[in-house]
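Trainee: For reference, the file query12.cif (mmCIF, C-alpha atoms) is included below:
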```cif
data_target
loop_
_atom_site.label_atom_id
_atom_site.label_comp_id
_atom_site.auth_asym_id
_atom_site.auth_seq_id
_atom_site.Cartn_x
_atom_site.Cartn_y
_atom_site.Cartn_z
CA MET A 1 80.69 109.70 91.32
CA SER A 2 81.26 111.10 94.82
CA VAL A 3 81.85 114.77 95.52
CA ASP A 4 85.42 113.87 96.51
CA GLU A 5 86.02 112.24 93.14
CA ILE A 6 84.49 115.17 91.27
CA LEU A 7 86.75 117.54 93.15
CA MET A 8 89.81 115.40 92.50
CA ARG A 9 89.09 115.17 88.76
CA SER A 10 88.37 118.91 88.59
CA ARG A 11 91.32 120.22 90.57
CA PHE A 12 93.91 117.65 89.55
CA ASN A 13 95.06 115.85 86.42
CA PRO A 14 95.85 112.39 87.78
CA LEU A 15 97.37 109.60 85.76
CA LYS A 16 95.44 106.33 85.37
CA ASN A 17 96.27 104.79 88.75
CA VAL A 18 95.83 107.08 91.75
CA LEU A 19 97.98 105.97 94.69
CA CYS A 20 96.83 108.71 97.06
CA TYR A 21 94.38 111.57 97.14
CA ASP A 22 95.24 113.25 100.43
CA VAL A 23 93.05 116.09 101.65
CA PHE A 24 94.51 117.51 104.85
CA ASP A 25 91.20 118.74 106.16
CA LYS A 26 90.69 115.03 106.90
CA GLY A 27 93.96 114.28 108.67
CA PHE A 28 97.68 113.78 108.19
CA ASN A 29 97.19 110.90 105.72
CA GLY A 30 100.57 109.43 106.62
CA TRP A 31 102.64 112.54 105.92
CA MET A 32 105.31 113.10 108.54
CA THR A 33 108.61 114.80 109.15
CA LEU A 34 111.77 113.09 107.97
CA MET A 35 113.81 112.08 111.03
CA PRO A 36 117.31 110.72 111.56
CA ASN A 37 117.91 106.96 111.78
CA PHE A 38 117.79 105.81 115.42
CA THR A 39 120.01 102.77 115.08
CA GLU A 40 123.16 103.23 117.14
CA TYR A 41 124.51 101.98 120.47
CA PRO A 42 123.78 102.38 123.37
CA ASP A 43 120.28 103.89 123.25
CA PHE A 44 118.99 104.12 119.68
CA ASP A 45 121.46 106.92 119.03
CA VAL A 46 121.81 108.78 115.73
CA PRO A 47 124.74 108.11 113.36
CA LYS A 48 127.28 110.92 113.15
CA THR A 49 126.16 113.47 110.58
CA LEU A 50 127.17 116.78 109.07
CA VAL A 51 123.62 118.09 108.98
CA ASN A 52 121.50 117.69 112.07
CA LYS A 53 117.98 116.86 110.89
CA ASP A 54 116.18 116.51 114.22
CA GLN A 55 115.63 120.27 114.53
CA TRP A 56 113.21 120.39 111.62
CA PRO A 57 109.78 121.09 113.03
CA PRO A 58 107.12 118.42 112.79
CA VAL A 59 104.50 118.72 110.11
CA MET A 60 101.22 120.08 111.48
CA LEU A 61 97.60 120.39 110.51
CA SER A 62 97.32 124.17 110.28
CA SER A 63 94.29 126.40 110.31
CA ALA A 64 96.57 129.22 109.05
CA THR A 65 95.58 131.56 111.85
CA TYR A 66 97.15 135.03 111.98
CA ARG A 67 97.28 138.02 114.29
CA TYR A 68 94.84 140.35 112.52
CA PRO A 69 92.67 138.44 110.01
CA GLY A 70 92.37 135.38 112.24
CA THR A 71 91.85 132.02 110.57
CA HIS A 72 92.51 131.69 106.85
CA GLY A 73 91.59 128.03 106.64
CA SER A 74 92.42 125.90 103.62
CA MET A 75 91.15 125.46 100.08
CA SER A 76 89.26 122.30 101.06
CA GLY A 77 88.08 123.32 104.53
CA THR A 78 89.89 124.41 107.67
CA TYR A 79 93.18 122.50 107.75
CA SER A 80 96.18 122.17 105.48
CA LEU A 81 99.48 120.37 106.02
CA LYS A 82 102.01 122.91 107.29
CA VAL A 83 105.69 122.34 106.57
CA SER A 84 107.67 124.90 108.56
CA THR A 85 111.08 126.00 109.78
CA ARG A 86 112.54 127.38 112.95
CA PRO A 87 113.59 131.04 112.97
CA ILE A 88 117.18 130.44 111.94
CA ALA A 89 119.14 130.54 108.69
CA ASN A 90 122.72 130.40 107.48
CA PRO A 91 123.91 132.37 104.45
CA TYR A 92 122.89 130.64 101.22
CA VAL A 93 126.36 129.29 100.38
CA GLU A 94 126.74 127.52 103.73
CA LYS A 95 125.24 124.21 104.76
CA PRO A 96 121.70 124.65 106.12
CA ALA A 97 121.43 125.74 109.76
CA GLU A 98 119.82 123.30 112.15
CA GLY A 99 116.10 123.91 111.90
CA SER A 100 116.27 126.12 108.80
CA MET A 101 114.33 123.58 106.76
CA GLY A 102 111.06 121.77 107.02
CA HIS A 103 110.43 118.45 105.33
CA ALA A 104 107.39 116.23 104.80
CA ILE A 105 107.49 112.70 103.51
CA LYS A 106 105.11 109.85 102.76
CA ARG A 107 106.42 106.34 102.19
CA LEU A 108 104.97 104.34 99.26
CA SER A 109 106.09 101.73 96.74
CA PHE A 110 105.64 100.59 93.14
CA PHE A 111 102.78 98.13 92.67
CA ARG A 112 102.31 97.56 88.92
CA PRO A 113 104.99 95.92 86.74
CA GLU A 114 104.13 97.99 83.64
CA SER A 115 104.26 101.34 85.41
CA ARG A 116 106.22 104.03 83.59
CA PHE A 117 105.07 107.51 84.62
CA LEU A 118 104.91 108.86 88.16
CA GLN A 119 103.24 112.17 89.04
CA LEU A 120 102.91 114.41 92.08
CA GLU A 121 100.35 117.25 92.19
CA CYS A 122 99.28 119.58 94.95
CA TRP A 123 97.50 122.81 95.83
CA PHE A 124 99.75 124.91 98.03
CA SER A 125 100.45 128.32 99.47
CA TYR A 126 103.39 129.81 101.34
CA THR A 127 104.18 132.67 103.67
CA ALA A 128 106.61 134.01 106.25
CA GLU A 129 105.84 134.55 109.91
CA GLN A 130 104.57 138.00 110.94
CA ASP A 131 106.96 138.05 113.86
CA LYS A 132 108.25 141.62 113.74
CA VAL A 133 108.52 144.61 111.45
CA ASP A 134 112.04 144.78 110.08
CA GLY A 135 112.65 148.54 110.21
CA VAL A 136 111.84 151.83 108.57
CA ASP A 137 114.65 151.81 106.01
CA ARG A 138 112.64 150.10 103.28
CA PRO A 139 109.11 150.08 101.93
CA GLN A 140 106.69 147.67 103.57
CA PRO A 141 109.04 146.59 106.39
CA GLY A 142 106.31 144.28 107.67
CA LEU A 143 106.23 142.26 104.45
CA HIS A 144 108.60 139.28 104.59
CA GLU A 145 108.34 137.61 101.20
CA ASN A 146 112.11 137.65 100.79
CA SER A 147 112.55 135.64 104.01
CA ILE A 148 111.46 132.50 102.12
CA ARG A 149 114.47 130.87 100.46
CA ASP A 150 112.86 128.00 98.60
CA PHE A 151 110.19 125.35 98.60
CA GLY A 152 109.59 122.36 96.43
CA MET A 153 108.39 118.84 95.97
CA GLY A 154 109.67 115.65 94.40
CA PHE A 155 110.38 111.97 94.75
CA ASP A 156 113.02 109.79 96.29
CA THR A 157 112.76 106.62 94.22
CA GLN A 158 114.53 103.30 93.80
CA LYS A 159 113.72 101.16 90.78
CA ASN A 160 115.53 98.58 88.66
CA GLY A 161 118.78 98.88 90.62
CA ASN A 162 118.93 102.69 90.61
CA ARG A 163 118.25 105.20 93.38
CA PHE A 164 117.21 108.53 91.95
CA PHE A 165 115.93 111.85 93.14
CA THR A 166 113.59 114.06 91.15
CA GLY A 167 111.91 117.30 92.00
CA MET A 168 111.06 120.91 91.29
CA ARG A 169 111.93 123.80 93.57
CA TYR A 170 110.94 127.43 93.55
CA LEU A 171 114.07 129.39 94.40
CA ASN A 172 112.40 132.43 95.90
CA ALA A 173 115.23 134.37 97.53
CA VAL A 174 118.97 134.17 98.05
CA ASP A 175 120.33 136.11 101.04
CA GLY A 176 117.34 138.43 100.94
CA LYS A 177 117.34 139.04 97.18
CA LEU A 178 114.27 137.81 95.31
CA ILE A 179 115.13 135.32 92.52
CA GLN A 180 111.76 133.65 91.84
CA LYS A 181 112.57 130.91 89.37
CA TRP A 182 112.02 127.17 89.03
CA GLN A 183 114.82 124.65 89.17
CA TYR A 184 114.76 120.88 88.81
CA VAL A 185 116.68 118.30 90.79
CA HIS A 186 119.83 117.19 88.96
CA SER A 187 123.33 116.96 90.39
CA THR A 188 126.18 118.71 88.60
CA GLU A 189 128.49 116.52 86.54
CA GLY A 190 132.03 116.01 87.86
CA VAL A 191 131.28 116.87 91.48
CA THR A 192 132.91 114.45 93.94
CA ASP A 193 131.13 112.92 96.91
CA LYS A 194 133.28 115.04 99.24
CA GLU A 195 132.51 118.25 97.35
CA TRP A 196 128.83 117.32 97.52
CA ALA A 197 129.27 117.38 101.35
CA TYR A 198 130.75 120.91 101.39
CA GLY A 199 134.25 119.41 101.39
CA LEU A 200 133.68 118.02 104.87
CA GLU A 201 134.32 114.55 106.27
CA GLY A 202 132.05 112.88 108.77
CA ASP A 203 129.00 111.61 106.94
CA TRP A 204 128.02 108.91 104.54
CA CYS A 205 127.57 110.95 101.43
CA LYS A 206 127.01 110.27 97.72
CA LYS A 207 126.70 112.90 95.03
CA GLY A 208 123.08 113.23 94.02
CA VAL A 209 121.65 111.92 97.28
CA ASP A 210 119.74 114.29 99.60
CA HIS A 211 120.01 117.51 97.56
CA TRP A 212 117.88 119.27 100.17
CA TRP A 213 120.82 119.65 102.54
CA PHE A 214 123.85 118.58 100.45
CA GLY A 215 125.41 120.03 97.31
CA ARG A 216 127.45 123.22 97.15
CA ARG A 217 125.56 126.47 96.80
CA TYR A 218 126.78 129.62 95.02
CA PRO A 219 126.06 133.32 95.66
CA ASN A 220 123.94 133.70 92.51
CA GLY A 221 121.58 130.92 93.60
CA ASP A 222 123.20 128.10 91.65
CA HIS A 223 123.36 124.77 93.45
CA ASP A 224 125.20 121.53 92.67
CA GLY A 225 121.93 119.66 93.25
CA TYR A 226 119.71 121.66 90.91
CA LYS A 227 119.64 123.03 87.37
CA ASP A 228 117.54 125.92 86.10
CA VAL A 229 114.31 125.12 84.31
CA PRO A 230 114.65 126.84 80.89
CA ASP A 231 112.60 130.05 80.87
CA GLY A 232 111.74 129.15 84.45
CA HIS A 233 111.18 132.58 85.99
CA GLN A 234 107.69 132.93 87.44
CA LYS A 235 106.21 135.36 89.93
CA LEU A 236 103.84 133.36 92.09
CA ILE A 237 101.06 134.98 94.05
CA TYR A 238 102.33 136.60 97.24
CA ASN A 239 99.36 138.74 98.04
CA GLU A 240 100.43 142.05 99.62
CA THR A 241 100.86 140.83 103.20
CA ASP A 242 102.19 137.76 104.99
CA CYS A 243 98.73 136.86 106.27
CA LYS A 244 97.01 136.38 102.90
CA LEU A 245 97.13 132.96 101.27
CA ASN A 246 96.23 132.17 97.68
CA TRP A 247 96.03 128.48 96.82
CA GLN A 248 98.19 127.60 93.80
CA TYR A 249 98.80 124.42 91.83
CA MET A 250 101.99 122.57 90.97
CA ARG A 251 102.68 119.27 89.23
CA LEU A 252 105.72 117.12 88.54
CA LYS A 253 105.64 114.22 86.07
CA VAL A 254 108.59 111.87 85.60
CA ASP A 255 109.34 108.74 83.58
CA THR A 256 110.63 106.20 86.11
CA LEU A 257 111.24 103.54 83.47
CA ASN A 258 113.61 105.56 81.29
CA ARG A 259 114.63 108.00 84.05
CA HIS A 260 113.60 111.21 82.30
CA TYR A 261 111.62 114.21 83.40
CA VAL A 262 108.37 114.72 81.48
CA GLU A 263 106.62 117.89 82.66
CA ILE A 264 106.77 120.54 85.33
CA GLN A 265 103.79 122.79 85.94
CA CYS A 266 102.92 125.65 88.26
CA GLN A 267 99.68 127.59 88.08
CA ASP A 268 98.81 127.60 84.35
CA ARG A 269 102.38 127.37 83.05
CA ILE A 270 103.68 124.02 81.81
CA TRP A 271 107.33 123.32 81.06
CA ASP A 272 108.07 120.47 78.65
CA MET A 273 110.93 118.54 80.27
CA ARG A 274 110.93 115.52 77.98
CA GLY A 275 114.44 114.32 77.30
CA VAL A 276 115.92 115.81 80.47
CA GLU A 277 117.73 112.96 82.15
CA ILE A 278 117.44 112.03 85.80
CA ASP A 279 120.77 111.16 87.41
CA ALA A 280 121.00 107.99 89.48
CA VAL A 281 123.22 106.43 92.12
CA ASP A 282 123.82 102.85 93.23
CA PRO A 283 120.85 101.29 95.02
CA TYR A 284 120.47 101.10 98.77
CA ASN A 285 119.83 97.75 100.41
CA ARG A 286 116.25 96.77 101.18
CA ILE A 287 114.43 99.65 99.48
CA ASP A 288 113.98 98.52 95.88
CA ASN A 289 110.62 99.74 94.49
CA LEU A 290 110.51 102.62 96.97
CA ILE A 291 108.50 105.75 96.16
CA ASN A 292 108.80 108.54 98.70
CA PRO A 293 107.07 111.78 97.68
CA VAL A 294 108.49 114.74 99.62
CA PHE A 295 107.83 118.43 100.20
CA TRP A 296 110.21 120.93 101.70
CA VAL A 297 110.65 124.59 102.58
CA SER A 298 113.67 126.62 103.72
CA THR A 299 114.00 129.98 105.40
CA ASP A 300 116.41 132.63 104.16
CA ALA A 301 116.30 134.69 107.38
CA ASN A 302 116.05 134.27 111.13
CA ARG A 303 112.30 133.95 110.75
CA ARG A 304 109.92 130.98 110.46
CA VAL A 305 108.50 130.33 107.00
CA PHE A 306 105.61 128.07 106.09
CA LEU A 307 104.56 125.92 103.14
CA TYR A 308 100.89 125.01 103.34
CA ILE A 309 99.59 122.07 101.30
CA ASP A 310 95.84 121.74 100.93
CA SER A 311 95.73 118.45 99.06
CA ILE A 312 97.97 116.06 97.12
CA VAL A 313 97.52 113.46 94.41
CA VAL A 314 100.19 110.85 93.65
CA SER A 315 99.45 108.81 90.53
CA GLN A 316 101.05 106.41 88.04
CA GLU A 317 100.43 104.80 84.68
CA MET B 1 86.82 107.23 114.70
CA LYS B 2 88.91 109.90 116.39
CA MET B 3 92.12 111.23 114.93
CA PHE B 4 95.39 110.88 116.80
CA ASN B 5 98.83 112.25 116.12
CA ASP B 6 102.12 112.35 117.99
CA SER B 7 104.82 114.81 116.92
CA HIS B 8 108.37 115.35 118.10
CA LEU B 9 109.24 118.78 119.47
CA GLU B 10 112.79 118.00 120.60
CA VAL B 11 114.76 114.81 120.05
CA LYS B 12 117.93 113.55 121.76
CA LYS B 13 119.47 116.82 122.82
CA TYR B 14 120.82 118.22 126.12
CA PHE B 15 118.94 121.19 127.57
CA THR B 16 119.54 123.48 130.52
CA GLY B 17 118.05 126.83 131.51
CA ARG B 18 115.15 128.53 129.73
CA PHE B 19 113.70 127.52 126.39
CA ASP B 20 110.32 127.36 124.69
CA THR B 21 109.20 124.51 122.47
CA ASN B 22 108.53 125.38 118.85
CA PRO B 23 104.90 126.52 118.29
CA TYR B 24 102.55 123.64 117.56
CA GLU B 25 99.10 123.88 115.96
CA ALA B 26 96.52 121.58 117.54
CA GLY B 27 93.22 123.27 116.76
CA TRP B 28 91.82 120.00 115.40
CA ALA B 29 92.39 118.18 118.69
CA ASP B 30 90.29 117.91 121.84
CA GLU B 31 93.17 116.85 124.06
CA ALA B 32 96.93 117.34 124.12
CA ILE B 33 99.64 115.81 126.28
CA PHE B 34 103.32 116.74 126.37
CA PHE B 35 105.36 113.56 126.87
CA ILE B 36 108.83 114.33 128.20
CA MET B 37 111.29 111.42 128.18
CA VAL B 38 114.47 112.18 130.12
CA GLU B 39 117.03 109.85 128.58
CA LYS B 40 120.17 111.09 130.34
CA ILE B 41 121.02 113.66 133.00
CA LYS B 42 124.08 115.63 134.11
CA GLY B 43 123.99 116.93 137.68
CA GLU B 44 120.65 117.03 139.49
CA PRO B 45 118.38 118.85 137.06
CA VAL B 46 114.79 119.82 137.83
CA PHE B 47 112.43 120.39 134.90
CA THR B 48 109.67 122.99 135.20
CA GLY B 49 107.15 123.33 132.38
CA GLN B 50 104.39 125.87 131.89
CA VAL B 51 101.80 125.37 129.15
CA GLN B 52 101.36 128.50 127.05
CA LEU B 53 98.75 129.41 124.44
CA SER B 54 98.76 131.86 121.56
CA GLN B 55 96.18 133.34 119.24
CA ASP B 56 98.66 133.94 116.42
CA GLY B 57 101.65 131.68 117.08
CA VAL B 58 103.81 134.71 117.84
CA ASN B 59 102.49 136.27 121.06
CA TRP B 60 102.12 133.92 124.05
CA THR B 61 100.53 133.76 127.50
CA ASP B 62 100.33 131.15 130.27
CA ASP B 63 97.23 128.97 130.00
CA GLY B 64 96.17 129.50 133.62
CA SER B 65 97.45 126.15 134.89
CA SER B 66 100.16 125.76 137.50
CA PRO B 67 103.68 124.96 136.30
CA VAL B 68 104.63 121.27 136.51
CA SER B 69 108.01 120.26 137.98
CA PHE B 70 109.80 116.91 138.03
CA SER B 71 113.25 115.38 138.23
CA GLY B 72 114.82 112.05 137.35
CA MET B 73 115.21 109.88 134.29
CA GLY B 74 112.34 108.23 132.50
CA MET B 75 108.95 109.29 131.18
CA HIS B 76 107.10 112.33 132.50
CA LEU B 77 104.01 114.08 131.17
CA ILE B 78 102.17 117.37 131.29
CA LYS B 79 98.49 117.25 130.37
CA VAL B 80 97.19 120.38 128.69
CA GLN B 81 94.00 121.76 130.22
CA PRO B 82 90.89 121.63 127.99
CA ASN B 83 89.92 124.61 125.84
CA PHE B 84 93.40 125.31 124.59
CA GLY B 85 92.53 126.83 121.22
CA ASN B 86 95.09 126.23 118.49
CA TYR B 87 98.72 127.25 119.12
CA LEU B 88 100.46 125.40 121.98
CA ARG B 89 103.93 125.44 123.45
CA LEU B 90 105.73 124.56 126.65
CA ALA B 91 107.81 127.21 128.42
CA VAL B 92 110.59 125.24 130.08
CA ASN B 93 113.19 125.97 132.72
CA ILE B 94 115.78 123.36 133.73
CA GLU B 95 117.82 124.18 136.82
CA GLY B 96 120.57 122.26 138.61
CA GLY B 97 121.98 120.40 135.64
CA GLU B 98 121.19 119.19 132.12
CA MET B 99 118.55 116.87 130.75
CA PHE B 100 118.83 114.87 127.52
CA LEU B 101 115.27 115.04 126.23
CA ASN B 102 112.90 113.37 123.83
CA LEU B 103 109.96 115.78 124.01
CA HIS B 104 106.73 115.04 122.13
CA ILE B 105 103.18 116.31 121.91
CA ALA B 106 100.37 113.79 121.51
CA CYS B 107 96.96 115.05 120.36
CA LYS B 108 93.59 113.40 119.87
CA GLY B 109 90.28 114.68 118.64
#
```
Represent the structure of the file as structure tokens.

Mentor:
Amino acid sequence: MSVDEILMRSRFNPLKNVLCYDVFDKGFNGWMTLMPNFTEYPDFDVPKTLVNKDQWPPVMLSSATYRYPGTHGSMSGTYSLKVSTRPIANPYVEKPAEGSMGHAIKRLSFFRPESRFLQLECWFSYTAEQDKVDGVDRPQPGLHENSIRDFGMGFDTQKNGNRFFTGMRYLNAVDGKLIQKWQYVHSTEGVTDKEWAYGLEGDWCKKGVDHWWFGRRYPNGDHDGYKDVPDGHQKLIYNETDCKLNWQYMRLKVDTLNRHYVEIQCQDRIWDMRGVEIDAVDPYNRIDNLINPVFWVSTDANRRVFLYIDSIVVSQE
Amino acid sequence: MKMFNDSHLEVKKYFTGRFDTNPYEAGWADEAIFFIMVEKIKGEPVFTGQVQLSQDGVNWTDDGSSPVSFSGMGMHLIKVQPNFGNYLRLAVNIEGGEMFLNLHIACKG
């Protein structure tokens, strides 16, 4: 057994068939930023949209280098995959500002007819940019934990004539107030396609599709694209200053055959999600059997925020 | 085998005046090239780009090279001098009009 395999089996809990074991100290491994579709006349133009997605920064291989401590490195070496934002945010209840999110995607597909379970695991950390000290009117004005709105991971999947989105997100802060709880991807019953698009016209839009930037948001942190994980409050490690990273573990397991969640895990806490349904929409053309694992992060302030991913395992059985 | 990666910095958007590209980490790479595709223009714009480096991704300084200027549609490039460290960006000034840009950074190492 190679050292890589020992590390994978020690740090992760993969299902029987491992599709990817991506260690970002060794490269991008096919993870990239989600971009618009360049399909329109006259020069590969972008279809009209309500949410401009080309301002999301590209994913990078980051050494996590900061002003005072220098290079933090990663859990597996020097580099991790950095998903980041630009320094701009809208209030929580509004549609996301251009550049206020970062998004990473890898494009895979089903390959075994008997496959039922699909799982995504990673080691991650997160922080806000040490751009400026906010002022003297509060303790630790140079600590920006509450600038991070949310981060998460999940799947965009199409199987057996259904397109469905699954995922877990850590809702860290809403308009500067720390919330710190887990939610899972599930669109609210009774919401119309137009309501899903903030009541606006001008985009192809279906309820349940693209929860990252669609779905109404409410001042208390509720969201038409997410539901609270029961007993889902958890204080993750945010270690005293924006330039300290602690590597933490999260895992999402779903049943793609019966379209149910199975388990959500972060650090050493496991939430039993069996029986929680996954909502589905009509299939898209030409993407049956698609599996797209995704990661995302959003800023809650006019400040860049970063989600660092050391390594990922996608597995099935 | 070497690693290669190309990333977008700006895509299909009009620019004029001063702006800086979003910070990009390229510590793994030995070489970096900014590819600047001018897809459309308004007026007679001239693009001037200065490579800048940063230790922390927040505080920036010129890399010691001369600024590069060009005009006209089509593909242009700015090669980053060797020994660039980690954080890279391009400080841009567009005068005399607007440029519709597809601006990428290509790294290898």

Trainee: What's the separation between CA of Gly85 (chain B) and CA of Asn246 (chain A), in Å to one decimal place?

Mentor: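 That distance, rounded to one decimal, is 24.4 Å.
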
Trainee: For region 19-29 of chain B, find every residue with an atom within 9 Å (counting only C-alpha atoms), except residues of its own chain fewer than 2 positions away, and show them as a PyMOL selection string.

Mentor: (chain A and resi 57-58+60-63+79+86) or (chain B and resi 3-4+9-10+15-17+31-32+54+57-58+84-94+103+105+107-109)

Trainee: Name the residues that the PyMOL selection byres ((chain B and resi 62) around 10) pulls out of this structure, and write them as a list of chain:residue names.

Mentor: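 That selection, the PyMOL selection byres ((chain B and resi 62) around 10), comes back as B:Gln50, B:Val51, B:Gln52, B:Leu53, B:Ser54, B:Trp60, B:Thr61, B:Asp63, B:Gly64, B:Ser65, B:Ser66, B:Pro67, B:Arg89, B:Leu90, B:Ala91.
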
Trainee: Based on the selection just made, write C-alpha atoms of those residues as a PDB file, in the frame of the given file.

Mentor:
```pdb
ATOM      1  CA  GLN B  50     104.390 125.870 131.890  1.00  0.00           C
ATOM      2  CA  VAL B  51     101.800 125.370 129.150  1.00  0.00           C
ATOM      3  CA  GLN B  52     101.360 128.500 127.050  1.00  0.00           C
ATOM      4  CA  LEU B  53      98.750 129.410 124.440  1.00  0.00           C
ATOM      5  CA  SER B  54      98.760 131.860 121.560  1.00  0.00           C
ATOM      6  CA  TRP B  60     102.120 133.920 124.050  1.00  0.00           C
ATOM      7  CA  THR B  61     100.530 133.760 127.500  1.00  0.00           C
ATOM      8  CA  ASP B  63      97.230 128.970 130.000  1.00  0.00           C
ATOM      9  CA  GLY B  64      96.170 129.500 133.620  1.00  0.00           C
ATOM     10  CA  SER B  65      97.450 126.150 134.890  1.00  0.00           C
ATOM     11  CA  SER B  66     100.160 125.760 137.500  1.00  0.00           C
ATOM     12  CA  PRO B  67     103.680 124.960 136.300  1.00  0.00           C
ATOM     13  CA  ARG B  89     103.930 125.440 123.450  1.00  0.00           C
ATOM     14  CA  LEU B  90     105.730 124.560 126.650  1.00  0.00           C
ATOM     15  CA  ALA B  91     107.810 127.210 128.420  1.00  0.00           C
TER      16      ALA B  91
END
```

Trainee: What gap, in Å, lies between CA of Thr127 (chain A) and CA of Ile33 (chain B)?

Mentor: 28.6 Å

Trainee: How many Å separate CA of Ile312 (chain A) from CA of Asn162 (chain A)?

Mentor: 25.7 Å

Trainee: For a quick check of understanding, using only C-alpha atoms, which of A:Ile309, A:Cys205, A:Val185, A:Val276 has the smallest distance to Leu245 (chain A)?

Mentor: A:Ile309

Trainee: What do you get, as a PyMOL selection string, if you spell out every residue that the PyMOL selection byres ((chain A and resi 191) around 10) selects here?

Mentor: chain A and resi 187-190+192-196+207-208+215-216+224-225

Trainee: Please provide as a PyMOL selection string all residues within 12 Å of Asp54 (chain A), with the sequence filter that same-chain residues fewer than 6 positions apart are discarded (counting all atoms listed in the file).

Mentor: (chain A and resi 33-38+45-46+85-86+97-103) or (chain B and resi 7-13+102-103)

Trainee: Near Leu81 (chain A), within 12 Å and counting all atoms listed in the file, which residues show up once chain neighbours fewer than 6 positions away are dropped, as a ChimeraX atom specification?

Mentor: /A:22-33,58-64,73-75,102-105,122-126,295-296,306-312 /B:25-26

Trainee: Can you list what the PyMOL selection byres ((chain A and resi 305) around 7) grabs from this structure, as a PyMOL selection string?

Mentor: chain A and resi 84-85+127-129+148+299+303-304+306

Trainee: Quick one: write out the picked residues with C-alpha atoms as a compact mmCIF listing (two decimals), keeping the file's coordinate frame?

Mentor:
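Written file, part_7.txt:
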```txt
# COMPACT_ATOMS: atom_id res chain seq x y z
CA SER A 84 107.67 124.90 108.56
CA THR A 85 111.08 126.00 109.78
CA THR A 127 104.18 132.67 103.67
CA ALA A 128 106.61 134.01 106.25
CA GLU A 129 105.84 134.55 109.91
CA ILE A 148 111.46 132.50 102.12
CA THR A 299 114.00 129.98 105.40
CA ARG A 303 112.30 133.95 110.75
CA ARG A 304 109.92 130.98 110.46
CA PHE A 306 105.61 128.07 106.09
```

Trainee: Restricting the calculation to all atoms listed in the file, which member of B:Ser71, B:Glu95, B:Ile36, B:Asn59 is positioned closest to chain A?

Mentor: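 Nearest candidate to chain A out of B:Ser71, B:Glu95, B:Ile36, B:Asn59: B:Asn59.
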
Trainee: At a cut-off of 7 Å, using only C-alpha atoms, what residues contact Gly97 (chain B)? Leave out same-chain residues fewer than 3 positions from it and give the result as a list in words.

Mentor: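 Counting only the stated atoms, we get Thr16, Lys42, Gly43, Glu44 and Pro45 of chain B.
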
Trainee: Please produce a file of the residues just selected, as a tab-separated table (two decimals), in the frame of the given file, where the atoms kept are C-alpha atoms.

Mentor:
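So the final result, stored in again_29.tsv, reads:
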```
chain	number	residue	atom	x	y	z
B	16	THR	CA	119.54	123.48	130.52
B	42	LYS	CA	124.08	115.63	134.11
B	43	GLY	CA	123.99	116.93	137.68
B	44	GLU	CA	120.65	117.03	139.49
B	45	PRO	CA	118.38	118.85	137.06
```

Trainee: Once you count only C-alpha atoms, which residues end up no further than 10 Å from (121.1, 101.1, 87.1) in the file's frame, shown as a PyMOL selection string?

Mentor: chain A and resi 158-164+259+280-283

Trainee: Near Glu145 (chain A), counting all atoms listed in the file, which residues have an atom at most 9 Å away, once you skip same-chain residues fewer than 4 positions from it, shown as number ranges by chain?

Mentor: A: 127-128, 172-173, 178, 238, 241-242

Trainee: Please produce a file of the residues just selected, as a CSV table (one decimal), in the coordinates of the input, where the atoms kept are C-alpha atoms.

Mentor:
```csv
chain,number,residue,atom,x,y,z
A,127,THR,CA,104.2,132.7,103.7
A,128,ALA,CA,106.6,134.0,106.2
A,172,ASN,CA,112.4,132.4,95.9
A,173,ALA,CA,115.2,134.4,97.5
A,178,LEU,CA,114.3,137.8,95.3
A,238,TYR,CA,102.3,136.6,97.2
A,241,THR,CA,100.9,140.8,103.2
A,242,ASP,CA,102.2,137.8,105.0
```

Trainee: Taking all atoms listed in the file into account, which of A:Tyr92, A:Phe111, A:Trp204, A:Phe165 comes nearest Asp150 (chain A)?

Mentor: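 That would be A:Tyr92, the residue with the smallest distance to Asp150 (chain A).
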